[in-house]
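Novice: Okay, here's the structure, questions in a sec.
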Amino acid sequence: MARAMKVAVRALCEFTARTGDLDLRFTPAPSALEGMEGHRAVQQRRGAGYEAEVPLEGRFEDLHVRGRADGWNATLQQLEEIKTYRGTLDGVRPHHRALHWAQARVYGHLLCQARELPGLKVALVYVNAATHEETVLVEEHTAAALQAFFAEQCQRYRDWARAEAAHRQQRDAALAALRFPLPAMRTGQRQLAVAAYRTAQGAQDGEGGRCLLAQAPTGIGKTLGTLFPLLKAMPEGAGLDKLFFLTAKGTGHGLALNALAQLQVAPTPAAPLRVLDMQARDKTCEYPGSACHGDACPLARGFFDRLPAARAAALEQPAPWGAPAVRRVALRHGICPYYLSQELVRWADVVVADYHYYYDSAAMLYALTRQQDWRAAVLVDEAHNLLERARRMYTAPLSQFDLAAARQAAQGRVRKALDALQRQWQALNKAQGEVDYRTCDEVPPALLAAVQRAVGAVAEAQADQPLPPGDPVLAFHWELLHFQALAEQFGPHALFDVQRAGAARRTPASTLCIRNVIPAPHLAARHAAARATVLFSGTLGPPAFYRDLLGLPAGTAWLDVEAPFAAYQLQVRIAPRISTRWRDREASLAPIADLVAAQYARQPGNYLCFVSSFDYLQRVAAALARRHPQVPLWPQTQGMDDAGRAAFLARFTEGGRGVGLAVLGGAFGEGVDLPGTRLIGAFIATLGLPQVNPVNDAMQRAIDEALGAGQGYACTYLYPGLRKVVQAAGRVIRTEHDRGVVVLMDDRFQRAEVRALLPRWWRVERD
């Protein structure tokens, strides 16, 4: 008997049963919790003898189909597929209904086959998430009719599945034979590669959620040093279906694609490895400003009818599936490039994407991993960025100015609901008194009830007459939905705060915010869903800080790779007579200018000088120009676009001379590679500590309460600040042959707790 190809019922039907337009007009979707509650409500009503969550499986030739039916009512001889919705039932789009019926009929066949039934009723049970009211749609089928339907779906999928199985076999054979594309690994790179490989290999035998935190210095080739071992592990024991390479910035995106290109042209190539480059929607949309449905966008009209041919054509394209290649295929077949790329995720081996595709609350890669039961590994590039990015993902601000715009545009029940929300909001403003910022232990119940009523009113109005993109009511509705979802999960990991804007007004507006402090509760499930996760960066210390705040499991391994550089390569000096504290800024300008000019005169070349803000940057630049006009300067400007950033970096030529001024933690503080004499030194005139303000102080207190007294200051101020310092200094030494200097310009760099966070291989001197 041929080896069975496994497919979930949902995956089978998503491939075969969707037809018609792509329709992404807003449909109020229930949360996962509401979905589970809706299922439970239906199942509990059915009484004794009702079977819930019935596991089923069956075969069609060499295709093994499996899944779990929502319910079986033996008394009525009725199989039930339960779907939860919000708003009105008319909001369930036709292509979704077609998918729901297909799933129900497949489950009907599998049940008839398993229990030798001559026929049964197949029911779609639609449950209103708010009221738990049921709408039951019933079909009656013979076992023969259901078997014919099942065979039809499987026949559509089978040829594709066989081609996929052949690809998987070829891919795994190629990866097993893959060799490292360079003559030898760099110092430290092998250590990183071995640890990453063992993490993936340890995920076999059903043990998922294995994690590695790897701190490895800049310049050892972390991207190639993690991609290569994970690709090698895909067929060897780990049996991985997918590899997700997640980045925080475009530079990491490009480095990953370059490393994968190196592997594709290795002496034993990894082809046919399918690499998908996921680009943001705003970069790939052909009709910006148009809604994503057939009435508004020609590329959404008939999307699912033309998708099979486009998908087949895309798979004939050589890797990587970059945005230009996907766009060409999509437009040739008259469908949307962005949503074609989303479909191709299902068939890709490696996906290079932004963090939010896996870690956000509505993350596509995470959702598909769960739905399709993929064995996926995750590589998190420059993982120190994940903390702040995750905090933003799980933070929900509401502006009273946005509420005012929505109220002005709203009518009828929606206007009344928004007016009621405004009254609750004004009550909070009144309670604020003269204080501009305050935190609360909970989201006020009356406010939350008003938010929920407003969400419901807009949802119902949307079902009757969908709002166009850009409508202020729709825009505010999205913000309310995010706020409501986070309010349902509110706990010690977050703050609810009220911040006034325009205190001089008689009735000042404010911003309400559910502000994430510790992303751990939100990220833990993402780590558990992956077979293995490797988080790597040049700055991931101390490890407990990242493990606790990112929700990594207790058994997460820690690797601190020794730098391949010798202390003599980098001269590190502290300027103890300079203070960059706020009160000392004016007095620091002349000493900073003189120190930069003296180093430049002693060793002419290209330098970067990092300061804490654009205002400070302008003042330092003015002092340098006034006191040392012979030093060439090129400052970073606020709001610099891609072309401006490229022009800034282009000034750093081999053998060049001059000083680039930049803000620490900005575009040039990390992810910038200027080897050799393109950069021979850096001045860092700040500790990089976040601004002391009421918000950060509140976060400090929340971390003290969650992790223990004393942790709040380090986690809120010290660790993030020194991380930026070390990242910026890491721009200087990029290879074993580089030489350079780093000057730390602040007396606080002498403190023991600060020195402890600097790289161990540095030999720090005092001026």
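All residue names refer to the structure tokens as shown: chains lettered A, B, ... in order, residues numbered from 1 in each chain, ligands numbered from 1 in order.
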With only C-alpha atoms counted and 12 Å as the cut-off, give the residues of stretch 437-540 of chain A in contact with stretch 244-250 of chain A, each with its shortest interatomic distance in Å and the pair that gives it, as CSV.

Specialist:
```
residue,atom,partner,partner_atom,distance
A:Ala530,CA,A:Phe244,CA,9.7
A:Arg531,CA,A:Phe244,CA,11.4
A:Ala532,CA,A:Phe244,CA,10.5
A:Thr533,CA,A:Phe244,CA,9.5
A:Val534,CA,A:Phe245,CA,9.8
A:Leu535,CA,A:Leu246,CA,9.6
A:Phe536,CA,A:Thr247,CA,10.8
A:Ser537,CA,A:Thr247,CA,11.2
```

Novice: Quick one: residues within 10 Å of A:Phe304, only C-alpha atoms, excluding same-chain residues fewer than 6 positions away - as a PDB file with C-alpha atoms, in the first residue's frame?

Specialist:
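After the write, selection32.pdb holds the following:
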```
ATOM      1  CA  PHE A  15      -8.117  23.906  -1.314  1.00  0.00           C
ATOM      2  CA  THR A  16     -11.132  22.532  -3.164  1.00  0.00           C
ATOM      3  CA  ALA A  17     -14.312  24.291  -2.058  1.00  0.00           C
ATOM      4  CA  ARG A  18     -13.757  28.042  -2.069  1.00  0.00           C
ATOM      5  CA  THR A  19     -15.295  29.822  -5.047  1.00  0.00           C
ATOM      6  CA  GLY A  20     -16.219  33.323  -6.126  1.00  0.00           C
ATOM      7  CA  ASP A  21     -14.921  36.692  -4.973  1.00  0.00           C
ATOM      8  CA  LEU A  22     -12.362  37.565  -2.383  1.00  0.00           C
ATOM      9  CA  HIS A  95     -17.114  31.821   0.035  1.00  0.00           C
ATOM     10  CA  ALA A 310      -2.357  31.223 -10.524  1.00  0.00           C
ATOM     11  CA  ILE A 335      -5.937  38.273  -8.959  1.00  0.00           C
TER      12      ILE A 335
END
```

Novice: Name the residues in contact with A:Ala330 at a cut-off of 12 Å, using only C-alpha atoms, excluding same-chain residues fewer than 6 positions from it; report them as number ranges by chain.

Specialist: A: 284-286, 299-300, 303, 306-314, 321, 323-324, 336-344

Novice: Based on DSSP run over this structure's backbone, return all residues of stretch 437-500 of chain A in alpha helix (DSSP H), as a PyMOL selection string.

Specialist: chain A and resi 445-464+472-488

Novice: Store the residues picked out above in a file with C-alpha atoms, as an mmCIF file, in the first residue's frame.

Specialist:
```
data_model
loop_
_atom_site.group_PDB
_atom_site.id
_atom_site.type_symbol
_atom_site.label_atom_id
_atom_site.label_comp_id
_atom_site.auth_asym_id
_atom_site.auth_seq_id
_atom_site.Cartn_x
_atom_site.Cartn_y
_atom_site.Cartn_z
ATOM 1 C CA PRO A 445 -16.720 48.223 33.914
ATOM 2 C CA ALA A 446 -19.044 51.046 32.833
ATOM 3 C CA LEU A 447 -16.551 52.173 30.190
ATOM 4 C CA LEU A 448 -16.049 48.625 28.927
ATOM 5 C CA ALA A 449 -19.816 48.095 28.712
ATOM 6 C CA ALA A 450 -20.093 51.272 26.632
ATOM 7 C CA VAL A 451 -17.285 50.055 24.355
ATOM 8 C CA GLN A 452 -19.056 46.717 23.877
ATOM 9 C CA ARG A 453 -22.346 48.432 23.022
ATOM 10 C CA ALA A 454 -20.606 50.666 20.496
ATOM 11 C CA VAL A 455 -18.879 47.659 18.914
ATOM 12 C CA GLY A 456 -22.210 45.869 18.616
ATOM 13 C CA ALA A 457 -24.004 48.894 17.147
ATOM 14 C CA VAL A 458 -21.373 49.417 14.439
ATOM 15 C CA ALA A 459 -21.312 45.678 13.671
ATOM 16 C CA GLU A 460 -25.065 45.598 13.115
ATOM 17 C CA ALA A 461 -24.965 48.733 10.974
ATOM 18 C CA GLN A 462 -22.106 47.244 8.944
ATOM 19 C CA ALA A 463 -24.165 44.169 8.124
ATOM 20 C CA ASP A 464 -26.828 46.375 6.514
ATOM 21 C CA PRO A 472 -13.915 57.539 10.613
ATOM 22 C CA VAL A 473 -16.591 55.277 12.149
ATOM 23 C CA LEU A 474 -14.986 52.162 10.672
ATOM 24 C CA ALA A 475 -11.491 53.311 11.653
ATOM 25 C CA PHE A 476 -12.579 53.925 15.245
ATOM 26 C CA HIS A 477 -14.431 50.607 15.266
ATOM 27 C CA TRP A 478 -11.176 48.734 14.564
ATOM 28 C CA GLU A 479 -9.592 50.515 17.517
ATOM 29 C CA LEU A 480 -12.550 49.604 19.735
ATOM 30 C CA LEU A 481 -12.329 45.946 18.730
ATOM 31 C CA HIS A 482 -8.635 45.795 19.623
ATOM 32 C CA PHE A 483 -9.304 47.574 22.915
ATOM 33 C CA GLN A 484 -12.177 45.207 23.747
ATOM 34 C CA ALA A 485 -10.112 42.097 22.958
ATOM 35 C CA LEU A 486 -7.272 43.234 25.232
ATOM 36 C CA ALA A 487 -9.729 44.253 27.962
ATOM 37 C CA GLU A 488 -10.987 40.660 28.016
#
```

Novice: Identify, with DSSP run on backbone atoms, the residues in stretch 105-174 of chain A assigned to strand (DSSP E or B), and express the list as a ChimeraX atom specification.

Specialist: /A:119-128,134-142

Novice: Quick one: distance from atom CA of A:Pro720 to atom CA of A:Thr539 in Å, one decimal?

Specialist: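 These atoms are spaced 9.9 Å apart.
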
Novice: Against stretch 115-119 of chain A, which residues of stretch 33-73 of chain A fall within 12 Å? For each one I want the closest pair of atoms and the distance in Å (one decimal), counting only C-alpha atoms, rows by chain and increasing residue number, as JSON lines.

Specialist:
```
{"residue": "A:Leu56", "atom": "CA", "partner": "A:Arg115", "partner_atom": "CA", "distance": 10.4}
{"residue": "A:Glu57", "atom": "CA", "partner": "A:Arg115", "partner_atom": "CA", "distance": 11.7}
{"residue": "A:Gly58", "atom": "CA", "partner": "A:Arg115", "partner_atom": "CA", "distance": 11.8}
{"residue": "A:Trp72", "atom": "CA", "partner": "A:Arg115", "partner_atom": "CA", "distance": 11.8}
```

Novice: Find the spatial neighbours of A:Met745, counting only C-alpha atoms, within a cut-off of 7 Å - ignore same-chain residues fewer than 2 positions away - and output them as a tab-separated table (two decimals) with N, CA and C atoms, in the first residue's frame.

Specialist:
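Just written: part.tsv:
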```tsv
chain	number	residue	atom	x	y	z
A	574	ILE	N	36.30	55.42	28.09
A	574	ILE	CA	35.25	56.16	28.77
A	574	ILE	C	35.74	57.58	29.00
A	575	ALA	N	34.89	58.56	28.69
A	575	ALA	CA	35.19	59.97	28.97
A	575	ALA	C	34.44	60.35	30.25
A	576	PRO	N	35.07	60.21	31.42
A	576	PRO	CA	34.35	60.34	32.69
A	576	PRO	C	34.01	61.77	33.08
A	578	ILE	N	32.48	63.92	31.21
A	578	ILE	CA	31.31	64.39	30.45
A	578	ILE	C	30.06	63.78	31.05
A	684	ILE	N	29.63	57.55	21.53
A	684	ILE	CA	28.28	57.33	22.06
A	684	ILE	C	28.08	58.27	23.24
A	685	ALA	N	27.33	59.34	23.00
A	685	ALA	CA	27.16	60.39	24.01
A	685	ALA	C	25.81	60.24	24.71
A	686	THR	N	25.56	59.08	25.25
A	686	THR	CA	24.32	58.81	26.00
A	686	THR	C	24.37	57.38	26.49
A	743	VAL	N	34.23	55.45	21.87
A	743	VAL	CA	34.37	56.37	23.00
A	743	VAL	C	33.00	56.52	23.66
A	747	ASP	N	29.90	59.91	32.40
A	747	ASP	CA	30.57	59.38	33.60
A	747	ASP	C	29.90	58.13	34.14
```

Novice: Excluding A:Gly49 and any residue of its chain fewer than 6 positions from it, enumerate the residues within 10 Å of it, using only C-alpha atoms, and give them as a PyMOL selection string.

Specialist: chain A and resi 72-75

Novice: Which residue, A:Gln426, A:Tyr126, A:Ala195, A:Val7, has the smallest gap to A:Ala557 when you use only C-alpha atoms?

Specialist: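 Once distances to A:Ala557 are computed over only C-alpha atoms, the minimum belongs to A:Ala195.
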
Novice: With only C-alpha atoms as the basis for distance, which of A:Gly551, A:Gly334, A:Gly108, A:Gly669 is at the shortest distance from A:Asp305?

Specialist: A:Gly334

Novice: For A:Ala376, which of A:Met5, A:Ala529, A:Ala650, A:Val345 is the closest residue, counting only C-alpha atoms?

Specialist: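 Checking each of A:Met5, A:Ala529, A:Ala650, A:Val345 against A:Ala376, counting only C-alpha atoms, the winner is A:Ala529.
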
Novice: Quick one: of A:Leu257, A:Trp558, A:Ala130, A:Asp295, who's nearest to A:Glu37, counting only C-alpha atoms?

Specialist: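 Of all the options, A:Ala130 lies closest to A:Glu37.
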
Novice: Using only C-alpha atoms for the distances, tell me which of A:Pro690, A:Pro288, A:Gly491, A:Pro508 is nearest to A:Asp436.

Specialist: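 The shortest atom-to-atom distance to A:Asp436 comes from A:Pro508.
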
Novice: Would you mind telling me which residue in A:Gln571, A:Lys242, A:Ala706, A:Cys297 lies nearest to A:Gln372 when using only C-alpha atoms?

Specialist: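 Among A:Gln571, A:Lys242, A:Ala706, A:Cys297, it is A:Lys242 that comes nearest to A:Gln372.
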
Novice: Quick one: everything within 10 Å of A:Lys232, counting only C-alpha atoms, minus sequence neighbours fewer than 5 positions away in the same chain. Send it as a CSV table (one decimal) with C-alpha atoms, in the first residue's frame.

Specialist:
```
chain,number,residue,atom,x,y,z
A,172,ASP,CA,14.4,16.6,2.0
A,174,ALA,CA,18.6,17.9,-1.2
A,175,LEU,CA,18.6,19.3,2.3
A,176,ALA,CA,20.2,16.1,3.7
A,177,ALA,CA,23.0,16.6,1.2
A,178,LEU,CA,23.3,20.3,1.7
A,179,ARG,CA,26.8,21.6,2.5
A,180,PHE,CA,27.8,24.9,4.1
A,197,TYR,CA,20.5,22.3,15.2
A,200,ALA,CA,15.4,21.6,16.2
A,201,GLN,CA,16.4,18.0,16.6
A,227,LEU,CA,19.4,29.2,8.6
A,237,GLY,CA,14.5,13.7,12.7
A,238,ALA,CA,12.7,17.0,13.2
A,270,ALA,CA,19.1,23.2,-1.6
```

Novice: Would you compute the distance between atom CA of A:Val732 and atom CA of A:Phe648? Give it in Å to one decimal.

Specialist: 16.3 Å

Novice: Can you pull out every residue within 7 Å of A:Phe683, counting only C-alpha atoms, but drop anything in the same chain fewer than 4 positions away, and send it as JSON, numbers by chain?

Specialist: {"A": [608, 609, 610, 742, 743, 744]}
